[in-house]
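Heads up, my_file20.cif below (mmCIF, C-alpha atoms):
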```cif
data_input
#
loop_
_atom_site.label_atom_id
_atom_site.label_comp_id
_atom_site.auth_asym_id
_atom_site.auth_seq_id
_atom_site.Cartn_x
_atom_site.Cartn_y
_atom_site.Cartn_z
CA MET L 14 0.00 0.00 0.00
CA ALA L 15 1.28 3.48 -0.87
CA ASP L 16 2.27 5.89 1.89
CA THR L 17 -0.63 7.84 3.36
CA LYS L 18 -1.00 11.37 2.04
CA LEU L 19 -2.90 14.00 4.00
CA ILE L 20 -4.83 16.78 2.23
CA SER L 21 -5.57 19.86 4.34
CA VAL L 22 -8.61 21.82 3.18
CA ILE L 23 -8.29 25.40 4.51
CA VAL L 24 -11.51 27.42 4.63
CA PRO L 25 -11.51 31.06 5.85
CA CYS L 26 -14.98 31.93 7.19
CA TYR L 27 -16.67 35.20 8.05
CA ASN L 28 -20.40 35.11 8.81
CA GLU L 29 -20.98 31.87 6.90
CA GLN L 30 -23.62 30.24 9.13
CA GLU L 31 -26.07 29.80 6.24
CA VAL L 32 -23.69 28.16 3.79
CA LEU L 33 -21.49 26.21 6.20
CA PRO L 34 -23.69 23.05 6.35
CA MET L 35 -23.93 23.00 2.55
CA PHE L 36 -20.18 23.36 2.17
CA TYR L 37 -19.47 20.60 4.70
CA ALA L 38 -21.87 18.24 2.95
CA GLU L 39 -20.29 18.94 -0.44
CA ILE L 40 -16.65 18.75 0.67
CA THR L 41 -17.17 15.47 2.55
CA LYS L 42 -18.91 14.00 -0.51
CA ILE L 43 -15.99 14.92 -2.78
CA SER L 44 -13.50 13.71 -0.16
CA LYS L 45 -15.18 10.31 -0.06
CA GLN L 46 -15.06 10.03 -3.84
CA MET L 47 -11.35 10.81 -3.79
CA THR L 48 -10.53 8.38 -0.97
CA ASP L 49 -12.50 5.63 -2.71
CA LYS L 50 -10.38 6.13 -5.81
CA HIS L 51 -7.15 6.80 -3.92
CA PRO L 52 -7.18 4.81 -0.64
CA GLU L 53 -3.87 6.38 0.40
CA LEU L 54 -5.52 9.77 0.82
CA THR L 55 -6.81 11.19 4.10
CA PHE L 56 -8.38 14.59 4.77
CA GLU L 57 -8.52 17.27 7.42
CA TYR L 58 -10.74 20.36 7.24
CA VAL L 59 -9.20 23.48 8.77
CA PHE L 60 -11.79 26.23 9.20
CA ILE L 61 -10.70 29.73 10.16
CA ASP L 62 -13.38 31.78 11.91
CA ASP L 63 -12.39 35.38 11.20
CA GLY L 64 -14.28 36.96 14.09
CA SER L 65 -17.74 36.10 12.74
CA LYS L 66 -20.70 37.89 14.32
CA ASP L 67 -23.26 35.20 13.51
CA LYS L 68 -23.40 31.53 14.53
CA THR L 69 -20.50 30.39 12.36
CA LEU L 70 -18.41 29.49 15.41
CA SER L 71 -21.25 27.48 16.94
CA GLY L 72 -21.56 25.54 13.71
CA LEU L 73 -17.84 24.81 13.69
CA ARG L 74 -18.00 23.56 17.27
CA GLU L 75 -20.75 21.13 16.34
CA LEU L 76 -18.84 19.88 13.30
CA ALA L 77 -15.67 19.42 15.36
CA ASN L 78 -17.57 17.35 17.95
CA GLN L 79 -19.13 15.21 15.22
CA ASP L 80 -16.15 14.76 12.89
CA SER L 81 -12.57 14.30 14.13
CA ARG L 82 -11.29 15.53 10.76
CA VAL L 83 -12.69 19.00 11.44
CA ARG L 84 -10.33 21.51 12.97
CA TYR L 85 -10.89 25.20 13.47
CA ILE L 86 -9.22 28.37 14.70
CA SER L 87 -11.39 31.22 15.93
CA PHE L 88 -9.75 34.66 15.88
CA SER L 89 -10.05 37.09 18.78
CA ARG L 90 -11.45 39.63 16.28
CA ASN L 91 -11.78 40.17 12.55
CA PHE L 92 -8.24 40.17 11.09
CA GLY L 93 -9.25 39.77 7.44
CA LYS L 94 -9.14 36.99 4.88
CA GLU L 95 -5.40 37.33 4.31
CA ALA L 96 -4.74 36.55 7.97
CA GLY L 97 -7.18 33.64 7.68
CA ILE L 98 -5.28 32.14 4.76
CA TYR L 99 -1.96 32.53 6.59
CA ALA L 100 -3.36 30.98 9.78
CA GLY L 101 -4.74 28.03 7.85
CA LEU L 102 -1.50 27.37 5.99
CA SER L 103 0.52 27.77 9.20
CA ASN L 104 -1.57 25.19 11.06
CA ALA L 105 -2.23 22.73 8.25
CA LYS L 106 -0.55 19.35 8.64
CA GLY L 107 -1.13 18.07 5.12
CA ASP L 108 1.24 16.93 2.42
CA TYR L 109 -1.03 18.99 0.17
CA CYS L 110 -2.98 22.11 1.09
CA VAL L 111 -6.13 23.52 -0.49
CA VAL L 112 -7.36 27.07 0.10
CA MET L 113 -11.00 27.64 -0.76
CA ASP L 114 -14.03 29.72 0.25
CA ALA L 115 -17.01 28.35 2.15
CA ASP L 116 -19.62 29.97 -0.11
CA LEU L 117 -19.20 27.27 -2.83
CA GLN L 118 -18.03 29.84 -5.38
CA HIS L 119 -14.93 27.65 -5.39
CA PRO L 120 -16.53 24.38 -6.57
CA PRO L 121 -15.20 21.35 -4.63
CA LYS L 122 -15.70 19.25 -7.80
CA PHE L 123 -12.35 20.59 -9.04
CA LEU L 124 -10.41 18.96 -6.20
CA PRO L 125 -9.92 15.55 -7.92
CA ILE L 126 -8.57 17.28 -11.05
CA MET L 127 -6.31 19.50 -8.96
CA TYR L 128 -4.97 16.52 -7.03
CA GLU L 129 -4.19 14.58 -10.20
CA ALA L 130 -2.27 17.56 -11.60
CA VAL L 131 -0.13 18.17 -8.51
CA ALA L 132 0.35 14.51 -7.51
CA SER L 133 1.70 13.75 -10.99
CA GLY L 134 4.72 15.93 -10.19
CA GLU L 135 4.21 18.00 -13.34
CA TYR L 136 2.79 20.91 -11.35
CA ASP L 137 3.33 22.34 -7.86
CA CYS L 138 0.00 24.13 -7.78
CA ALA L 139 -3.39 23.89 -9.45
CA THR L 140 -5.76 26.84 -9.36
CA THR L 141 -8.93 28.08 -11.00
CA ARG L 142 -9.34 31.05 -13.28
CA ARG L 143 -12.66 32.69 -13.99
CA VAL L 144 -13.26 33.32 -17.67
CA SER L 145 -16.44 35.29 -17.00
CA ARG L 146 -17.80 37.54 -14.29
CA ASP L 147 -21.48 36.75 -14.66
CA GLY L 148 -23.41 37.82 -11.60
CA GLU L 149 -21.11 40.74 -10.80
CA SER L 150 -22.07 44.36 -11.33
CA PRO L 151 -20.59 45.98 -14.47
CA VAL L 152 -18.81 48.60 -12.37
CA ARG L 153 -17.14 45.99 -10.18
CA SER L 154 -16.12 43.90 -13.19
CA PHE L 155 -14.67 46.95 -14.97
CA PHE L 156 -12.50 47.97 -12.01
CA ALA L 157 -11.40 44.38 -11.40
CA ARG L 158 -10.11 44.06 -14.96
CA LEU L 159 -8.55 47.53 -14.73
CA PHE L 160 -6.69 46.50 -11.58
CA TYR L 161 -5.13 43.46 -13.25
CA LYS L 162 -4.07 45.54 -16.26
CA ILE L 163 -2.47 48.22 -14.08
CA MET L 164 -0.85 45.69 -11.76
CA ASN L 165 0.76 43.76 -14.59
CA LYS L 166 2.04 46.98 -16.16
CA ILE L 167 3.72 48.39 -13.05
CA SER L 168 4.81 45.22 -11.25
CA GLN L 169 7.39 42.57 -12.09
CA THR L 170 5.10 39.97 -10.51
CA GLU L 171 2.54 38.81 -13.06
CA ILE L 172 -0.95 38.23 -11.67
CA VAL L 173 -3.24 36.34 -14.03
CA ASP L 174 -6.58 38.04 -14.62
CA GLY L 175 -9.34 36.00 -13.02
CA ALA L 176 -6.98 33.79 -10.99
CA GLN L 177 -8.41 33.01 -7.57
CA ASP L 178 -7.27 32.05 -4.09
CA PHE L 179 -8.75 28.58 -4.71
CA ARG L 180 -5.46 26.69 -4.91
CA PHE L 181 -4.26 23.13 -4.44
CA MET L 182 -0.57 23.32 -3.44
CA SER L 183 2.27 20.97 -2.67
CA ARG L 184 3.94 21.17 0.73
CA GLN L 185 7.02 22.69 -0.89
CA MET L 186 5.03 25.60 -2.27
CA VAL L 187 3.15 26.06 1.02
CA ASP L 188 6.44 26.33 2.89
CA ALA L 189 7.63 28.92 0.36
CA VAL L 190 4.47 30.98 0.89
CA LEU L 191 4.85 30.77 4.69
CA SER L 192 8.45 31.97 4.43
CA MET L 193 6.98 35.33 3.34
CA SER L 194 5.73 36.31 6.78
CA GLU L 195 5.02 39.95 6.02
CA TYR L 196 2.27 41.68 7.99
CA ASN L 197 0.66 43.42 5.00
CA ARG L 198 -0.31 40.40 2.93
CA PHE L 199 -1.63 40.15 -0.61
CA SER L 200 -1.96 36.43 -1.32
CA LYS L 201 -2.55 36.72 -5.07
CA GLY L 202 0.78 38.48 -5.37
CA ILE L 203 2.53 36.11 -2.96
CA PHE L 204 1.31 33.03 -4.83
CA SER L 205 2.66 34.50 -8.06
CA TRP L 206 5.90 35.80 -6.57
CA VAL L 207 7.05 32.42 -5.19
CA GLY L 208 6.78 31.00 -8.69
CA PHE L 209 6.57 27.20 -9.08
CA ARG L 210 4.68 25.41 -11.83
CA VAL L 211 1.00 26.29 -11.90
CA LYS L 212 -1.87 24.67 -13.79
CA TYR L 213 -4.88 26.93 -14.47
CA LEU L 214 -8.37 25.47 -14.72
CA GLU L 215 -10.84 27.77 -16.46
CA TYR L 216 -14.49 27.89 -15.43
CA GLU L 217 -17.53 30.14 -15.50
CA ASN L 218 -18.27 32.30 -12.48
CA VAL L 219 -20.43 30.68 -9.79
CA GLU L 220 -22.65 32.72 -7.48
CA ARG L 221 -22.77 32.22 -3.72
CA ALA L 222 -24.82 29.27 -2.53
CA ALA L 223 -26.30 31.32 0.34
CA GLY L 224 -25.69 34.42 2.41
CA THR L 225 -24.12 37.68 1.28
CA THR L 226 -20.54 38.57 0.47
CA ALA L 227 -18.50 40.53 3.01
CA TRP L 228 -16.57 42.26 0.22
CA SER L 229 -17.86 45.75 -0.56
CA PHE L 230 -16.61 47.88 -3.45
CA TRP L 231 -14.49 50.01 -1.13
CA GLY L 232 -13.16 46.93 0.60
CA LEU L 233 -11.97 45.59 -2.73
CA PHE L 234 -10.53 49.00 -3.61
CA ARG L 235 -8.48 49.08 -0.40
CA TYR L 236 -7.40 45.50 -1.09
CA SER L 237 -6.18 46.50 -4.56
CA ILE L 238 -4.16 49.36 -3.04
CA GLU L 239 -2.55 46.81 -0.70
CA GLY L 240 -1.57 44.75 -3.72
CA ILE L 241 -0.09 47.68 -5.64
CA ILE L 242 1.93 48.94 -2.69
CA GLY L 243 3.03 45.44 -1.71
CA PHE L 244 4.28 44.39 -5.14
CA SER L 245 5.25 47.56 -6.96
CA THR L 246 7.36 50.64 -6.24
CA PHE L 247 6.04 52.42 -9.32
CA PRO L 248 3.85 54.85 -7.32
CA LEU L 249 7.04 56.21 -5.74
CA SER L 250 8.19 57.33 -9.18
CA ILE L 251 4.98 59.26 -9.85
CA PRO L 252 6.07 62.34 -7.86
CA VAL L 253 9.33 62.45 -9.84
CA MET L 254 7.52 62.35 -13.17
CA ALA L 255 4.91 64.83 -11.96
CA GLY L 256 7.64 67.17 -10.76
CA ALA L 257 9.33 67.06 -14.15
CA VAL L 258 6.01 67.82 -15.89
CA SER L 259 5.31 70.73 -13.54
CA CYS L 260 8.76 72.20 -14.24
CA LEU L 261 8.14 72.03 -17.97
CA ILE L 262 4.74 73.69 -17.58
CA SER L 263 6.27 76.42 -15.43
CA LEU L 264 8.98 77.03 -18.03
CA LEU L 265 6.35 77.16 -20.76
CA PHE L 266 4.35 79.81 -18.90
CA LEU L 267 7.53 81.81 -18.28
CA LEU L 268 8.32 81.87 -22.00
CA ILE L 269 4.76 82.86 -22.87
CA GLU L 270 4.78 85.74 -20.43
CA ALA L 271 8.25 86.87 -21.56
CA PHE L 272 7.12 87.30 -25.17
CA ALA L 273 3.57 88.45 -24.50
CA ASP L 274 2.64 92.11 -25.09
CA LYS L 275 0.21 92.19 -22.20
CA MET L 276 0.58 90.86 -18.68
CA SER L 277 -3.17 90.66 -17.99
CA GLY L 278 -2.99 86.89 -17.71
CA ALA L 279 -0.08 86.85 -15.26
CA LEU L 280 -2.25 86.60 -12.17
CA THR L 281 -4.26 83.73 -13.62
CA ALA L 282 -1.08 81.90 -14.57
CA VAL L 283 0.36 82.33 -11.07
CA ILE L 284 -2.82 81.05 -9.42
CA PHE L 285 -2.91 78.07 -11.76
CA LEU L 286 0.73 77.19 -11.10
CA LEU L 287 0.29 77.50 -7.34
CA LEU L 288 -2.72 75.18 -7.33
CA PHE L 289 -1.02 72.77 -9.69
CA LEU L 290 2.19 72.59 -7.67
CA GLY L 291 0.25 72.39 -4.41
CA GLY L 292 -1.69 69.40 -5.72
CA LEU L 293 1.50 67.67 -6.83
CA ILE L 294 3.08 68.19 -3.43
CA LEU L 295 0.06 66.72 -1.64
CA ILE L 296 -0.01 63.72 -3.99
CA SER L 297 3.70 63.16 -3.44
CA ILE L 298 3.34 63.33 0.33
CA GLY L 299 0.36 60.99 0.16
CA VAL L 300 2.23 58.35 -1.87
CA LEU L 301 5.23 58.51 0.43
CA GLY L 302 2.91 58.34 3.42
CA MET L 303 1.27 55.12 2.20
CA TYR L 304 4.62 53.38 1.78
CA LEU L 305 5.86 54.74 5.10
CA SER L 306 2.73 53.53 6.89
CA LYS L 307 3.23 50.01 5.55
CA THR L 308 6.87 50.08 6.64
CA TYR L 309 5.76 51.32 10.07
CA LEU L 310 3.38 48.39 10.46
CA GLU L 311 6.01 45.88 9.32
CA VAL L 312 8.71 47.01 11.75
CA LYS L 313 6.33 46.67 14.69
CA HIS L 314 6.36 42.89 14.16
CA ARG L 315 2.81 42.48 15.40
CA PRO L 316 1.29 39.01 15.03
CA ILE L 317 -0.72 38.49 11.86
CA TYR L 318 -3.59 37.04 13.90
CA LEU L 319 -4.55 36.09 17.46
CA ALA L 320 -6.45 32.86 18.18
CA ARG L 321 -9.14 32.80 20.87
CA GLU L 322 -10.36 29.24 20.44
CA THR L 323 -9.52 26.05 18.54
CA GLU L 324 -11.14 22.65 17.99
CA LYS L 325 -9.46 21.47 21.22
CA ASP L 326 -11.89 23.71 23.10
CA ALA L 327 -15.00 22.49 21.27
CA TYR L 328 -15.81 19.85 23.89
CA LYS L 329 -16.34 22.59 26.48
CA PHE L 330 -19.38 23.79 24.59
CA ALA L 331 -20.86 20.36 23.83
CA LYS L 332 -24.03 19.39 25.72
CA PRO L 333 -24.40 15.61 25.61
CA VAL L 334 -27.87 14.30 26.28
CA GLU L 335 -26.47 11.80 28.79
CA SER L 336 -25.07 14.48 31.05
CA ILE L 337 -28.36 16.36 31.00
CA ASP L 338 -30.27 13.21 31.96
CA VAL L 339 -27.85 12.54 34.82
CA ALA L 340 -28.29 16.06 36.09
CA ILE L 341 -32.10 15.71 35.99
CA ASN L 342 -31.97 12.36 37.80
CA ASP L 343 -29.70 13.78 40.47
CA ALA L 344 -32.10 16.65 41.00
CA ASP L 345 -35.04 14.25 41.28
CA ASP L 346 -33.15 12.10 43.80
CA ALA L 347 -32.38 15.15 45.87
CA GLU L 348 -36.03 16.17 45.90
CA ASN L 349 -37.07 12.63 46.92
CA ASP L 350 -34.57 12.64 49.78
CA GLU L 351 -35.97 15.94 51.02
CA ASP L 352 -39.51 14.60 50.85
CA THR L 353 -38.51 11.48 52.78
CA SER L 354 -36.78 13.47 55.50
CA ASP L 355 -39.83 15.71 55.83
CA SER L 356 -42.14 12.71 56.19
CA GLU L 357 -39.90 11.16 58.87
CA GLU L 358 -40.05 14.33 60.87
#
```

For the structure just supplied, provide its representation as structure tokens.
Amino acid sequence: MADTKLISVIVPCYNEQEVLPMFYAEITKISKQMTDKHPELTFEYVFIDDGSKDKTLSGLRELANQDSRVRYISFSRNFGKEAGIYAGLSNAKGDYCVVMDADLQHPPKFLPIMYEAVASGEYDCATTRRVSRDGESPVRSFFARLFYKIMNKISQTEIVDGAQDFRFMSRQMVDAVLSMSEYNRFSKGIFSWVGFRVKYLEYENVERAAGTTAWSFWGLFRYSIEGIIGFSTFPLSIPVMAGAVSCLISLLFLLIEAFADKMSGALTAVIFLLLFLGGLILISIGVLGMYLSKTYLEVKHRPIYLARETEKDAYKFAKPVESIDVAINDADDAENDEDTSDSEE
């Protein structure tokens, strides 16, 4: 019999109480199909509760008490999906690791194909790539495509348009990703930066099975800024180029005024140049400030996440029927003893 291989399925969760039972049912079904075909495979499911405000944690406790393969880490607060991915990879024990969402937008049916690709040794990672954005708003789709175009123009790290965090990785690649322990994380960039051989599986966009997404437009915008700052220094060159342009404009106005017969437009030109230069200075300070703020956060060496509870604590919240019955019987016995003592008196 071949050596046992463990697959760790890492699932960041934030307010997923509605979809969690559906995801568990689907992932266990696919896992069984894979173990039937490949008896050497075993699974563990590592859920990361990112400070959910609904009953996600309660659901994870129940699953952990029912299924020994279920593990979970509950954060002390909401640290974000990037921290959830890092926590899952850090605590996964598998020879292979899978990162996927709980909302079933990352279809578990791809897992057998991903495993075959990576286990063959031809690839170190298998991931999905959306070829359509059906179900998304036109505005969101437009800015998403614009981000990938800008990112690939200004960064040396190529990020494939439509590539997702749904990835099946070898242990070697996981260790490489974990070696990048930066505080400000952008997983799409990290996955691309470490390199390795990647197989892309194209598929049509799938809508959430239940619940609502936690990603707002502004949340995604801030996330894109994180990616640009984390994997490109191009914004730092913008003030230099803008300064050169402003000098040329200033020189042009100087020449115009020098050869003009009338100076009636001098005041307008001065006001324009002052506003223009003032705007450039503020933009330059802002760009430098963003990079400085990220450096400030990195040098603090704060932990990427803090865990409040794990699957080892799940038993504390379990309420077995047997224990309840024992407690009721003990109470009844105590009442009977009191009645007997009263009657004797």

With region 187-202 of chain L as the partner and 12 Å as the cut-off, tabulate the residues of region 83-110 of chain L that qualify, each row holding the nearest pair of atoms and their distance in Å to one decimal, using only C-alpha atoms, sorted by chain and rising number, as a Markdown table.
```
| residue | atom | partner | partner_atom | distance |
| --- | --- | --- | --- | --- |
| L:Phe92 | CA | L:Tyr196 | CA | 11.1 |
| L:Gly93 | CA | L:Arg198 | CA | 10.0 |
| L:Lys94 | CA | L:Ser200 | CA | 9.5 |
| L:Glu95 | CA | L:Arg198 | CA | 6.1 |
| L:Ala96 | CA | L:Arg198 | CA | 7.7 |
| L:Gly97 | CA | L:Arg198 | CA | 10.7 |
| L:Ile98 | CA | L:Ser200 | CA | 8.1 |
| L:Tyr99 | CA | L:Leu191 | CA | 7.3 |
| L:Ala100 | CA | L:Leu191 | CA | 9.7 |
| L:Gly101 | CA | L:Leu191 | CA | 10.5 |
| L:Leu102 | CA | L:Val187 | CA | 6.9 |
| L:Ser103 | CA | L:Leu191 | CA | 6.9 |
| L:Asn104 | CA | L:Leu191 | CA | 10.6 |
| L:Ala105 | CA | L:Val187 | CA | 9.6 |
| L:Lys106 | CA | L:Val187 | CA | 10.8 |
| L:Gly107 | CA | L:Val187 | CA | 9.9 |
| L:Asp108 | CA | L:Val187 | CA | 9.4 |
| L:Tyr109 | CA | L:Val187 | CA | 8.3 |
| L:Cys110 | CA | L:Val187 | CA | 7.3 |
```

Write out, as a PDB file, keeping the file's coordinate frame, the residues just selected, with C-alpha atoms.
```pdb
ATOM      1  CA  PHE L  92      -8.240  40.170  11.090  1.00  0.00           C
ATOM      2  CA  GLY L  93      -9.250  39.770   7.440  1.00  0.00           C
ATOM      3  CA  LYS L  94      -9.140  36.990   4.880  1.00  0.00           C
ATOM      4  CA  GLU L  95      -5.400  37.330   4.310  1.00  0.00           C
ATOM      5  CA  ALA L  96      -4.740  36.550   7.970  1.00  0.00           C
ATOM      6  CA  GLY L  97      -7.180  33.640   7.680  1.00  0.00           C
ATOM      7  CA  ILE L  98      -5.280  32.140   4.760  1.00  0.00           C
ATOM      8  CA  TYR L  99      -1.960  32.530   6.590  1.00  0.00           C
ATOM      9  CA  ALA L 100      -3.360  30.980   9.780  1.00  0.00           C
ATOM     10  CA  GLY L 101      -4.740  28.030   7.850  1.00  0.00           C
ATOM     11  CA  LEU L 102      -1.500  27.370   5.990  1.00  0.00           C
ATOM     12  CA  SER L 103       0.520  27.770   9.200  1.00  0.00           C
ATOM     13  CA  ASN L 104      -1.570  25.190  11.060  1.00  0.00           C
ATOM     14  CA  ALA L 105      -2.230  22.730   8.250  1.00  0.00           C
ATOM     15  CA  LYS L 106      -0.550  19.350   8.640  1.00  0.00           C
ATOM     16  CA  GLY L 107      -1.130  18.070   5.120  1.00  0.00           C
ATOM     17  CA  ASP L 108       1.240  16.930   2.420  1.00  0.00           C
ATOM     18  CA  TYR L 109      -1.030  18.990   0.170  1.00  0.00           C
ATOM     19  CA  CYS L 110      -2.980  22.110   1.090  1.00  0.00           C
TER      20      CYS L 110
END
```

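You can rank L:Val258, L:Val59, L:Met303, L:Val22 by their closest distance to Phe179 (chain L) using all atoms listed in the file, and at the top of that list sits L:Val22.
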
Please provide as an MDAnalysis selection string all residues within 8 Å of Asp114 (chain L), with the sequence filter that same-chain residues fewer than 6 positions apart are discarded (counting only C-alpha atoms). chainID L and resid 24:26 179

Residue subset to file, keeping C-alpha atoms, as a PDB file, in the frame of the given file:
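This went into part_14.pdb:
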```pdb
ATOM      1  CA  VAL L  24     -11.510  27.420   4.630  1.00  0.00           C
ATOM      2  CA  PRO L  25     -11.510  31.060   5.850  1.00  0.00           C
ATOM      3  CA  CYS L  26     -14.980  31.930   7.190  1.00  0.00           C
ATOM      4  CA  PHE L 179      -8.750  28.580  -4.710  1.00  0.00           C
TER       5      PHE L 179
END
```

Translate the PyMOL selection byres ((chain L and resi 40-47) around 12), as applied to the file shown, into an explicit residue set as a ChimeraX atom specification. /L:18-24,33-39,48-59,76,80,82-83,111,113-117,119-129

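For Ser71 (chain L), the set of protein, DNA and RNA residues having any atom at most 12 Å away, when counting all atoms listed in the file and skipping those fewer than 2 positions along the same chain, is Asn28, Glu29, Gln30, Glu31, Leu33, Pro34, Asp62, Ser65, Lys66, Asp67, Lys68, Thr69, Leu73, Arg74, Glu75, Leu76, Ala77, Asn78, Tyr85, Ser87, Glu322, Thr323, Glu324, Asp326, Ala327, Tyr328, Lys329, Phe330 and Ala331 of chain L.
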
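When all atoms listed in the file are used to measure the gap to Arg321 (chain L), the shortest distance among L:Ile298, L:Leu70, L:Val253, L:Leu293 belongs to L:Leu70.
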
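This file, queried with the PyMOL selection byres ((chain L and resi 180) around 6), gives the residues Val111, Val112, Ala139, Thr140, Asp178, Phe179 and Phe181 of chain L.
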
Write out the residues from the selection above, keeping C-alpha atoms, as an mmCIF file, keeping the file's coordinate frame.
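Final output, selection_0.cif:
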```cif
data_model
loop_
_atom_site.group_PDB
_atom_site.id
_atom_site.type_symbol
_atom_site.label_atom_id
_atom_site.label_comp_id
_atom_site.auth_asym_id
_atom_site.auth_seq_id
_atom_site.Cartn_x
_atom_site.Cartn_y
_atom_site.Cartn_z
ATOM 1 C CA VAL L 111 -6.130 23.520 -0.490
ATOM 2 C CA VAL L 112 -7.360 27.070 0.100
ATOM 3 C CA ALA L 139 -3.390 23.890 -9.450
ATOM 4 C CA THR L 140 -5.760 26.840 -9.360
ATOM 5 C CA ASP L 178 -7.270 32.050 -4.090
ATOM 6 C CA PHE L 179 -8.750 28.580 -4.710
ATOM 7 C CA PHE L 181 -4.260 23.130 -4.440
#
```

Give the centre and edge lengths of an axis-aligned box, in Å to one decimal, that holds all listed atoms of region 47-50 of chain L with 3 Å on each side, as AutoDock Vina command-line options.
```
--center_x -11.4 --center_y 8.2 --center_z -3.4 --size_x 8.1 --size_y 11.2 --size_z 10.8
```

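The space separating CA of Val211 (chain L) from CA of Arg158 (chain L) comes to 21.2 Å.
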
Going by the chain IDs and residue numbers used in this file, which residues fall under the PyMOL selection byres ((chain L and resi 141) around 6)? Write them as number ranges by chain. L: 140, 142, 213-215

Pairwise distance for CA of Ile163 (chain L) and CA of Gly302 (chain L), rounded to one decimal in Å: 20.9 Å

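Between CA of Lys212 (chain L) and CA of Ala176 (chain L) the interatomic distance comes to 10.8 Å.
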
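Shortest separation to Phe88 (chain L) among L:Ile203, L:Ala257, L:Ile296, L:Ile61 occurs at residue L:Ile61, atoms counted being only C-alpha atoms.
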
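With only C-alpha atoms as the atoms that count, the residue of L:Leu301, L:Ile294, L:Leu268, L:Met186 with the shortest distance to Pro248 (chain L) is L:Leu301.
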
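When all atoms listed in the file are used to compute distances to Glu135 (chain L), the closest of the residues L:Gln185, L:Leu159, L:Arg210, L:Val32 turns out to be L:Arg210.
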
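The shortest atom-to-atom distance to Tyr216 (chain L), with only C-alpha atoms taken into account, belongs to L:Gln118 out of L:Ser133, L:Glu311, L:Met254, L:Gln118.
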